[in-house]
Every structure is written in C-alpha cells, then in structure tokens.
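K.L.:
Structure file final_1.cif (mmCIF, C-alpha atoms) right here:
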```cif
data_coords
#
loop_
_atom_site.group_PDB
_atom_site.id
_atom_site.type_symbol
_atom_site.label_atom_id
_atom_site.label_comp_id
_atom_site.auth_asym_id
_atom_site.auth_seq_id
_atom_site.Cartn_x
_atom_site.Cartn_y
_atom_site.Cartn_z
ATOM 1 C CA MET F 1325 8.816 -13.177 12.440
ATOM 2 C CA ILE F 1326 12.418 -12.229 13.106
ATOM 3 C CA LEU F 1327 14.468 -9.260 11.916
ATOM 4 C CA THR F 1328 18.101 -8.741 12.837
ATOM 5 C CA THR F 1329 20.322 -5.671 12.911
ATOM 6 C CA ASP F 1330 23.972 -5.276 13.832
ATOM 7 C CA ARG F 1331 23.188 -5.268 17.561
ATOM 8 C CA LEU F 1332 19.562 -6.314 17.929
ATOM 9 C CA LEU F 1333 17.124 -9.119 17.399
ATOM 10 C CA LEU F 1334 13.545 -8.079 16.648
ATOM 11 C CA ARG F 1335 11.166 -10.991 17.123
ATOM 12 C CA ASP F 1336 7.513 -11.758 17.621
ATOM 13 C CA PHE F 1337 6.313 -11.424 21.181
ATOM 14 C CA VAL F 1338 5.617 -14.479 23.334
ATOM 15 C CA GLU F 1339 3.242 -14.536 26.287
ATOM 16 C CA SER F 1340 6.078 -14.782 28.817
ATOM 17 C CA ASP F 1341 7.511 -11.400 27.703
ATOM 18 C CA TRP F 1342 5.074 -9.364 29.783
ATOM 19 C CA PRO F 1343 7.171 -9.160 33.017
ATOM 20 C CA MET F 1344 10.077 -7.580 31.096
ATOM 21 C CA VAL F 1345 7.682 -5.106 29.481
ATOM 22 C CA LEU F 1346 6.163 -4.287 32.880
ATOM 23 C CA ALA F 1347 9.639 -3.599 34.270
ATOM 24 C CA TYR F 1348 10.406 -0.820 31.784
ATOM 25 C CA GLN F 1349 6.861 0.490 31.459
ATOM 26 C CA SER F 1350 6.844 1.136 35.212
ATOM 27 C CA ASP F 1351 9.790 3.540 34.940
ATOM 28 C CA PRO F 1352 8.651 7.189 35.478
ATOM 29 C CA ARG F 1353 10.879 8.276 32.567
ATOM 30 C CA TYR F 1354 8.941 5.954 30.276
ATOM 31 C CA LEU F 1355 5.570 7.095 31.600
ATOM 32 C CA ARG F 1356 6.267 10.804 31.012
ATOM 33 C CA PHE F 1357 4.897 10.933 27.442
ATOM 34 C CA TYR F 1358 2.138 8.333 27.790
ATOM 35 C CA GLU F 1359 -1.401 8.684 29.084
ATOM 36 C CA TRP F 1360 -0.704 6.147 31.823
ATOM 37 C CA THR F 1361 0.437 7.180 35.281
ATOM 38 C CA GLU F 1362 1.209 3.596 36.286
ATOM 39 C CA ARG F 1363 1.191 0.117 34.775
ATOM 40 C CA THR F 1364 -0.186 -3.036 36.386
ATOM 41 C CA PRO F 1365 0.553 -6.645 35.482
ATOM 42 C CA GLU F 1366 -2.969 -6.889 34.023
ATOM 43 C CA ASP F 1367 -2.411 -3.774 31.869
ATOM 44 C CA VAL F 1368 0.813 -5.143 30.438
ATOM 45 C CA GLN F 1369 -0.538 -8.661 29.918
ATOM 46 C CA ALA F 1370 -3.337 -7.101 27.826
ATOM 47 C CA PHE F 1371 -0.780 -4.904 26.006
ATOM 48 C CA VAL F 1372 1.346 -7.926 25.045
ATOM 49 C CA GLY F 1373 -1.842 -9.883 24.342
ATOM 50 C CA ARG F 1374 -2.766 -7.426 21.576
ATOM 51 C CA PHE F 1375 0.565 -8.107 19.866
ATOM 52 C CA LEU F 1376 0.013 -11.866 20.183
ATOM 53 C CA ALA F 1377 -3.456 -11.534 18.615
ATOM 54 C CA GLN F 1378 -2.053 -9.435 15.755
ATOM 55 C CA GLN F 1379 0.388 -12.249 14.950
ATOM 56 C CA GLU F 1380 -2.577 -14.524 14.209
ATOM 57 C CA GLU F 1381 -4.345 -12.136 11.829
ATOM 58 C CA THR F 1382 -4.461 -12.912 8.124
ATOM 59 C CA PRO F 1383 -3.377 -10.782 6.461
ATOM 60 C CA ARG F 1384 -1.097 -9.432 9.145
ATOM 61 C CA LEU F 1385 -1.540 -5.662 9.084
ATOM 62 C CA LYS F 1386 0.266 -4.851 12.340
ATOM 63 C CA VAL F 1387 3.763 -6.108 13.058
ATOM 64 C CA GLN F 1388 4.974 -5.150 16.536
ATOM 65 C CA LEU F 1389 8.202 -6.902 17.463
ATOM 66 C CA ALA F 1390 10.075 -7.281 20.740
ATOM 67 C CA ILE F 1391 13.518 -5.636 20.724
ATOM 68 C CA VAL F 1392 15.986 -8.072 22.275
ATOM 69 C CA LEU F 1393 19.706 -7.894 23.038
ATOM 70 C CA PRO F 1394 20.986 -11.128 21.423
ATOM 71 C CA ALA F 1395 23.872 -11.689 23.841
ATOM 72 C CA THR F 1396 21.645 -11.745 26.933
ATOM 73 C CA GLY F 1397 18.132 -12.345 25.582
ATOM 74 C CA GLN F 1398 16.962 -9.257 27.474
ATOM 75 C CA LEU F 1399 13.833 -7.625 26.046
ATOM 76 C CA ILE F 1400 14.418 -3.844 25.995
ATOM 77 C CA GLY F 1401 11.445 -2.511 24.047
ATOM 78 C CA ASN F 1402 9.382 -2.945 20.921
ATOM 79 C CA ALA F 1403 9.165 -1.562 17.398
ATOM 80 C CA GLY F 1404 6.499 -1.971 14.794
ATOM 81 C CA ILE F 1405 4.831 -0.987 11.585
ATOM 82 C CA ARG F 1406 1.105 -0.853 10.960
ATOM 83 C CA MET F 1407 -1.072 -0.666 7.842
ATOM 84 C CA LYS F 1408 -4.765 0.114 7.678
ATOM 85 C CA SER F 1409 -5.635 -2.507 5.073
ATOM 86 C CA ALA F 1410 -4.204 -5.259 2.914
ATOM 87 C CA GLY F 1411 -2.437 -3.811 -0.094
ATOM 88 C CA ALA F 1412 -2.055 -0.430 1.578
ATOM 89 C CA HIS F 1413 0.587 1.877 0.166
ATOM 90 C CA GLU F 1414 1.181 3.576 3.493
ATOM 91 C CA GLY F 1415 2.112 2.445 6.968
ATOM 92 C CA ASP F 1416 3.138 4.036 10.235
ATOM 93 C CA ILE F 1417 5.891 3.064 12.633
ATOM 94 C CA GLY F 1418 6.073 3.263 16.386
ATOM 95 C CA GLY F 1419 7.833 1.776 19.324
ATOM 96 C CA GLU F 1420 9.301 2.230 22.749
ATOM 97 C CA LEU F 1421 12.526 1.509 24.565
ATOM 98 C CA ASP F 1422 13.477 0.776 28.155
ATOM 99 C CA PRO F 1423 14.830 4.086 29.548
ATOM 100 C CA GLN F 1424 17.868 2.220 30.877
ATOM 101 C CA HIS F 1425 18.915 1.768 27.238
ATOM 102 C CA TRP F 1426 18.216 5.285 25.960
ATOM 103 C CA GLY F 1427 21.047 7.136 24.274
ATOM 104 C CA GLN F 1428 22.740 4.037 22.852
ATOM 105 C CA GLY F 1429 21.210 4.119 19.368
ATOM 106 C CA TYR F 1430 19.020 1.052 19.892
ATOM 107 C CA ALA F 1431 15.722 2.837 19.191
ATOM 108 C CA THR F 1432 17.085 4.305 15.957
ATOM 109 C CA GLU F 1433 18.483 0.921 14.910
ATOM 110 C CA ALA F 1434 15.167 -0.840 15.562
ATOM 111 C CA ALA F 1435 13.132 1.886 13.838
ATOM 112 C CA ARG F 1436 15.482 1.777 10.842
ATOM 113 C CA ALA F 1437 14.853 -1.983 10.584
ATOM 114 C CA MET F 1438 11.087 -1.409 10.586
ATOM 115 C CA VAL F 1439 11.341 1.254 7.859
ATOM 116 C CA LYS F 1440 13.495 -1.065 5.746
ATOM 117 C CA PHE F 1441 10.977 -3.890 6.275
ATOM 118 C CA GLY F 1442 8.143 -1.553 5.265
ATOM 119 C CA PHE F 1443 9.768 -0.522 2.016
ATOM 120 C CA THR F 1444 11.473 -3.775 0.988
ATOM 121 C CA ASP F 1445 9.075 -6.468 2.248
ATOM 122 C CA LEU F 1446 5.726 -4.682 2.417
ATOM 123 C CA HIS F 1447 6.419 -2.535 -0.675
ATOM 124 C CA LEU F 1448 4.997 0.589 0.926
ATOM 125 C CA HIS F 1449 5.245 3.977 -0.765
ATOM 126 C CA ARG F 1450 5.021 6.097 2.381
ATOM 127 C CA ILE F 1451 5.860 5.506 6.041
ATOM 128 C CA SER F 1452 4.811 7.984 8.697
ATOM 129 C CA ALA F 1453 5.220 8.445 12.434
ATOM 130 C CA HIS F 1454 4.193 10.904 15.094
ATOM 131 C CA CYS F 1455 5.348 11.819 18.572
ATOM 132 C CA VAL F 1456 4.551 14.249 21.345
ATOM 133 C CA ALA F 1457 6.358 17.479 20.455
ATOM 134 C CA GLU F 1458 8.087 17.646 23.837
ATOM 135 C CA ASN F 1459 9.540 14.174 23.301
ATOM 136 C CA LEU F 1460 12.718 15.480 21.679
ATOM 137 C CA GLY F 1461 14.389 12.059 21.718
ATOM 138 C CA SER F 1462 11.648 10.508 19.598
ATOM 139 C CA ALA F 1463 11.635 13.435 17.178
ATOM 140 C CA ARG F 1464 15.400 13.128 16.762
ATOM 141 C CA ILE F 1465 15.101 9.403 15.985
ATOM 142 C CA LEU F 1466 12.590 10.141 13.233
ATOM 143 C CA GLU F 1467 14.901 12.776 11.777
ATOM 144 C CA LYS F 1468 17.807 10.298 11.825
ATOM 145 C CA LEU F 1469 15.666 7.937 9.742
ATOM 146 C CA GLY F 1470 15.476 10.610 7.052
ATOM 147 C CA MET F 1471 11.849 11.387 7.792
ATOM 148 C CA GLN F 1472 10.637 14.880 7.026
ATOM 149 C CA LEU F 1473 8.608 16.916 9.492
ATOM 150 C CA GLU F 1474 5.237 17.409 7.833
ATOM 151 C CA GLY F 1475 3.541 19.348 10.548
ATOM 152 C CA ARG F 1476 2.753 20.136 14.134
ATOM 153 C CA LEU F 1477 -0.753 19.575 15.397
ATOM 154 C CA ARG F 1478 -1.446 21.911 18.282
ATOM 155 C CA ASP F 1479 -3.200 20.484 21.356
ATOM 156 C CA SER F 1480 -4.011 17.310 19.424
ATOM 157 C CA GLU F 1481 -3.747 14.911 22.360
ATOM 158 C CA HIS F 1482 -5.103 15.218 25.870
ATOM 159 C CA PHE F 1483 -3.791 13.214 28.803
ATOM 160 C CA LYS F 1484 -2.439 13.837 32.280
ATOM 161 C CA ASP F 1485 -4.784 16.830 32.630
ATOM 162 C CA ARG F 1486 -3.225 18.805 29.781
ATOM 163 C CA TYR F 1487 -3.068 19.156 26.025
ATOM 164 C CA TRP F 1488 -0.015 18.079 24.026
ATOM 165 C CA ASP F 1489 1.154 19.106 20.571
ATOM 166 C CA THR F 1490 2.199 16.281 18.249
ATOM 167 C CA LEU F 1491 4.770 16.275 15.457
ATOM 168 C CA HIS F 1492 4.081 14.318 12.269
ATOM 169 C CA PHE F 1493 6.876 12.914 10.104
ATOM 170 C CA ALA F 1494 7.037 10.805 6.933
ATOM 171 C CA ILE F 1495 9.423 9.375 4.373
ATOM 172 C CA LEU F 1496 8.642 8.177 0.843
ATOM 173 C CA ASP F 1497 10.078 5.079 -0.798
ATOM 174 C CA TYR F 1498 12.206 6.989 -3.318
ATOM 175 C CA GLU F 1499 13.627 9.202 -0.558
ATOM 176 C CA TRP F 1500 14.573 6.118 1.427
ATOM 177 C CA LEU F 1501 16.115 4.461 -1.653
ATOM 178 C CA ALA F 1502 18.218 7.564 -2.325
ATOM 179 C CA GLN F 1503 19.603 7.314 1.239
ATOM 180 C CA ASN F 1504 20.010 3.519 1.114
ATOM 181 C CA PRO F 1505 21.175 2.578 -2.400
#
```
So, in terms of structure tokens, how does the structure I just supplied come out?

P.N.:
Amino acid sequence: MILTTDRLLLRDFVESDWPMVLAYQSDPRYLRFYEWTERTPEDVQAFVGRFLAQQEETPRLKVQLAIVLPATGQLIGNAGIRMKSAGAHEGDIGGELDPQHWGQGYATEAARAMVKFGFTDLHLHRISAHCVAENLGSARILEKLGMQLEGRLRDSEHFKDRYWDTLHFAILDYEWLAQNP
C-alpha cells in the first residue's frame, strides 16, 4: 500500500527497514514517552515484523506505514490506522517520527493522510487517538487534525516507575467533511 502527500511517501514496511527504525528509536528524545528505556536490534526487528505480518492479514485491520522522504528514500517514522474488526465503524490512529524531523510538520502531514484514508477508503464514522498528556507535541498534532479532546484519563498508564495521564481525542466523519469539503 502506498499513500502520498505533498512532501511524504507512506508505504508498507519491508524487512530491511529495521535499521532505520532502530536509529530513531534509540534517540533519548524518542524514548521519553515510551515504556522502553532502550531499543535493541532484536526489539526493532520484532516491531517491524509485526507490521509485515499485518500486511498479510485478510481482511487487513491494521495499516501501519513507513513515512519516507521521497527525495532521499530516508525512513523517518511511521503512521497507521487500526480497526478492531472487519466492517468496523471506528478506528484509531497512531505513529511516531524521528526526533531529528520534529517541528517540520511531517507528523501532522502523515497523520492527516491516515485520517483521510480512514474516512474516504475505509468509510469509518469515527477516528480516535490518544497520547501521554505530557507529550504536548502529539496533543497539538491531534488538535491540528480537527480532533476534539474527549477526556483525560488520570494515571492510566504505568511505565518508567511512574503513572502517566493520557489524553483521548476523536473526530467524526461529518466533522472531517466540514473541514475538508
């Protein structure tokens, strides 16, 4: 599967992508809001392996695509949308970006492509997302997509020897259509 935006190519993962994923997942800035304290080649090979396995599922309920800069072919992150079952009316989006490329609008552009795919190709009614409350960059991306904050779950995740609040966002198909006529 391939999706394109003005500046990005979103494509299915291939097995040889794992070293580029390891490079950005090893960055301490990336690791801050994840349960991991470090990433090994084996961890990342398994991580990419899950995406490869999802590509083979029928029906395909989870679409996690590599974010690539077309001019260089550099993999800089991933973005995806997931449904719980075939014919679902709801999905959730998620992704990550190499910290070296933060602040350039790439994460928003990739997430916007996944929302569009969810509403236009998958015919979803509702798309949701969540993030750690302290991850202000992720929350801002979700707001830029037109998602509404639906709630804050206090101490809903536990990792790195502490509890974290999470923020939950969503957008409905008719809200998205009003913003994207």

K.L.:
Could you tell me which residues the PyMOL selection byres ((chain F and resi 1394) around 9) returns for this structure, as a ChimeraX atom specification?

P.N.:
/F:1331-1333,1392-1393,1395-1398

K.L.:
So that I can check the surroundings of range 1412-1419 of chain F, please list as a PyMOL selection string every protein, DNA and RNA residue that reaches within 9 Å of it, counting all atoms listed in the file and ignoring chain neighbours fewer than 4 positions away.

P.N.:
chain F and resi 1388-1389+1401-1408+1431+1434-1435+1438-1439+1442+1446-1455+1494

K.L.:
Would you kindly return, as a ChimeraX atom specification, each protein, DNA or RNA residue with an atom no farther than 7 Å from any atom of range 1359-1368 of chain F, considering only C-alpha atoms and excluding same-chain residues fewer than 3 positions away?

P.N.:
/F:1342,1345-1346,1349-1350,1355,1371-1372,1483-1484

K.L.:
I need the residue nearest Phe1441 in chain F from this list: F:Phe1357, F:Tyr1348, F:Trp1488, F:Trp1500. Use all atoms listed in the file for the distance.

P.N.:
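Of all the options, F:Trp1500 lies closest to Phe1441 in chain F.
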
K.L.:
Suppose a student applies the PyMOL selection byres ((chain F and resi 1335) around 8) to this structure; what residues should they get, written as a PyMOL selection string?

P.N.:
chain F and resi 1325-1327+1333-1334+1336-1337+1389-1392

K.L.:
Check what the PyMOL selection byres ((chain F and resi 1410) around 7) selects in the file above and give those residues as number ranges by chain.

P.N.:
F: 1383, 1385, 1409, 1411-1412

K.L.:
Could you work out how far CA of Asp1497 in chain F lies from CA of Thr1444 in chain F, giving the answer in Å with one decimal?

P.N.:
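We find that CA of Thr1444 in chain F and CA of Asp1497 in chain F lie 9.1 Å from each other.
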
K.L.:
Which distance in Å separates CA of Leu1491 in chain F and CA of Gly1475 in chain F, to one decimal?

P.N.:
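These atoms are spaced 5.9 Å apart.
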
K.L.:
Kindly give the distance, in Å, that separates CA of Asn1459 in chain F and CA of His1492 in chain F, rounded to a single decimal.

P.N.:
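That distance, rounded to one decimal, is 12.3 Å.
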
K.L.:
Using all atoms listed in the file, can you tell me which of F:Ile1465, F:Thr1490, F:Val1456, F:Asp1485 comes closest to Gly1429 in chain F?

P.N.:
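Selected residue with least distance to Gly1429 in chain F: F:Ile1465.
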
K.L.:
Hey, which of F:Pro1505, F:Glu1433, F:Tyr1358, F:Lys1468 ends up closest to Glu1481 in chain F? Count all atoms listed in the file.

P.N.:
F:Tyr1358

K.L.:
Taking the point (12.6, 13.6, 5.5) as given in the file, collect each protein or nucleic acid residue that comes within 8 Å of it, counting all atoms listed in the file, and present the set as a ChimeraX atom specification.

P.N.:
/F:1467,1469-1473,1493-1495,1499

K.L.:
Looking at F:Ala1347, F:Ala1457, F:Leu1376, F:Leu1421, which one is nearest to Ser1480 in chain F, with distances taken over all atoms listed in the file?

P.N.:
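Among the listed residues, F:Ala1457 lies closest to Ser1480 in chain F.
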
K.L.:
Looking at all atoms listed in the file, which of F:Tyr1430, F:Gln1424, F:Arg1476, F:Leu1501 is the one that sits closest to Glu1458 in chain F?

P.N.:
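Closest residue, counting all atoms listed in the file: F:Arg1476.
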
K.L.:
Let me make sure I understand: among F:Gln1378, F:Glu1474, F:Pro1423, F:Val1387, which one has the smallest atom-to-atom distance to Ile1400 in chain F if we use only C-alpha atoms?

P.N.:
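Looking at the shortest contact to Ile1400 in chain F, the residue is F:Pro1423.
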
K.L.:
Please output range 1383-1405 of chain F, rebuilt to include N, CA and C atoms, as a short mmCIF file (atom, residue, chain, number, x, y, z; two decimals), keeping the file's coordinate frame.

P.N.:
```cif
data_model
loop_
_atom_site.label_atom_id
_atom_site.label_comp_id
_atom_site.auth_asym_id
_atom_site.auth_seq_id
_atom_site.Cartn_x
_atom_site.Cartn_y
_atom_site.Cartn_z
N PRO F 1383 -4.80 -11.09 6.53
CA PRO F 1383 -3.38 -10.78 6.46
C PRO F 1383 -2.94 -10.04 7.73
N ARG F 1384 -1.66 -10.10 7.97
CA ARG F 1384 -1.10 -9.43 9.14
C ARG F 1384 -0.84 -7.97 8.79
N LEU F 1385 -1.63 -7.09 9.38
CA LEU F 1385 -1.54 -5.66 9.08
C LEU F 1385 -0.70 -4.91 10.10
N LYS F 1386 -0.49 -5.50 11.27
CA LYS F 1386 0.27 -4.85 12.34
C LYS F 1386 1.38 -5.80 12.79
N VAL F 1387 2.60 -5.32 12.67
CA VAL F 1387 3.76 -6.11 13.06
C VAL F 1387 4.48 -5.35 14.16
N GLN F 1388 4.31 -5.77 15.39
CA GLN F 1388 4.97 -5.15 16.54
C GLN F 1388 5.90 -6.20 17.13
N LEU F 1389 7.20 -5.92 17.08
CA LEU F 1389 8.20 -6.90 17.46
C LEU F 1389 8.92 -6.50 18.74
N ALA F 1390 9.28 -7.50 19.53
CA ALA F 1390 10.07 -7.28 20.74
C ALA F 1390 11.51 -6.97 20.31
N ILE F 1391 12.11 -5.96 20.95
CA ILE F 1391 13.52 -5.64 20.72
C ILE F 1391 14.32 -6.36 21.80
N VAL F 1392 15.25 -7.21 21.36
CA VAL F 1392 15.99 -8.07 22.28
C VAL F 1392 17.49 -7.90 22.04
N LEU F 1393 18.25 -7.88 23.13
CA LEU F 1393 19.71 -7.89 23.04
C LEU F 1393 20.12 -9.35 22.85
N PRO F 1394 20.70 -9.71 21.70
CA PRO F 1394 20.99 -11.13 21.42
C PRO F 1394 21.91 -11.79 22.44
N ALA F 1395 22.89 -11.08 22.94
CA ALA F 1395 23.87 -11.69 23.84
C ALA F 1395 23.25 -12.16 25.15
N THR F 1396 22.24 -11.43 25.63
CA THR F 1396 21.64 -11.74 26.93
C THR F 1396 20.21 -12.25 26.85
N GLY F 1397 19.54 -12.00 25.72
CA GLY F 1397 18.13 -12.34 25.58
C GLY F 1397 17.21 -11.36 26.26
N GLN F 1398 17.77 -10.25 26.77
CA GLN F 1398 16.96 -9.26 27.47
C GLN F 1398 16.07 -8.48 26.50
N LEU F 1399 14.79 -8.42 26.81
CA LEU F 1399 13.83 -7.62 26.05
C LEU F 1399 13.95 -6.19 26.53
N ILE F 1400 14.21 -5.24 25.61
CA ILE F 1400 14.42 -3.84 26.00
C ILE F 1400 13.43 -2.88 25.35
N GLY F 1401 12.44 -3.40 24.65
CA GLY F 1401 11.44 -2.51 24.05
C GLY F 1401 10.71 -3.20 22.92
N ASN F 1402 10.07 -2.40 22.09
CA ASN F 1402 9.38 -2.94 20.92
C ASN F 1402 9.37 -1.92 19.80
N ALA F 1403 9.22 -2.42 18.59
CA ALA F 1403 9.16 -1.56 17.40
C ALA F 1403 8.21 -2.21 16.43
N GLY F 1404 7.46 -1.39 15.71
CA GLY F 1404 6.50 -1.97 14.79
C GLY F 1404 6.12 -1.08 13.64
N ILE F 1405 5.38 -1.69 12.74
CA ILE F 1405 4.83 -0.99 11.58
C ILE F 1405 3.40 -1.48 11.40
#
```
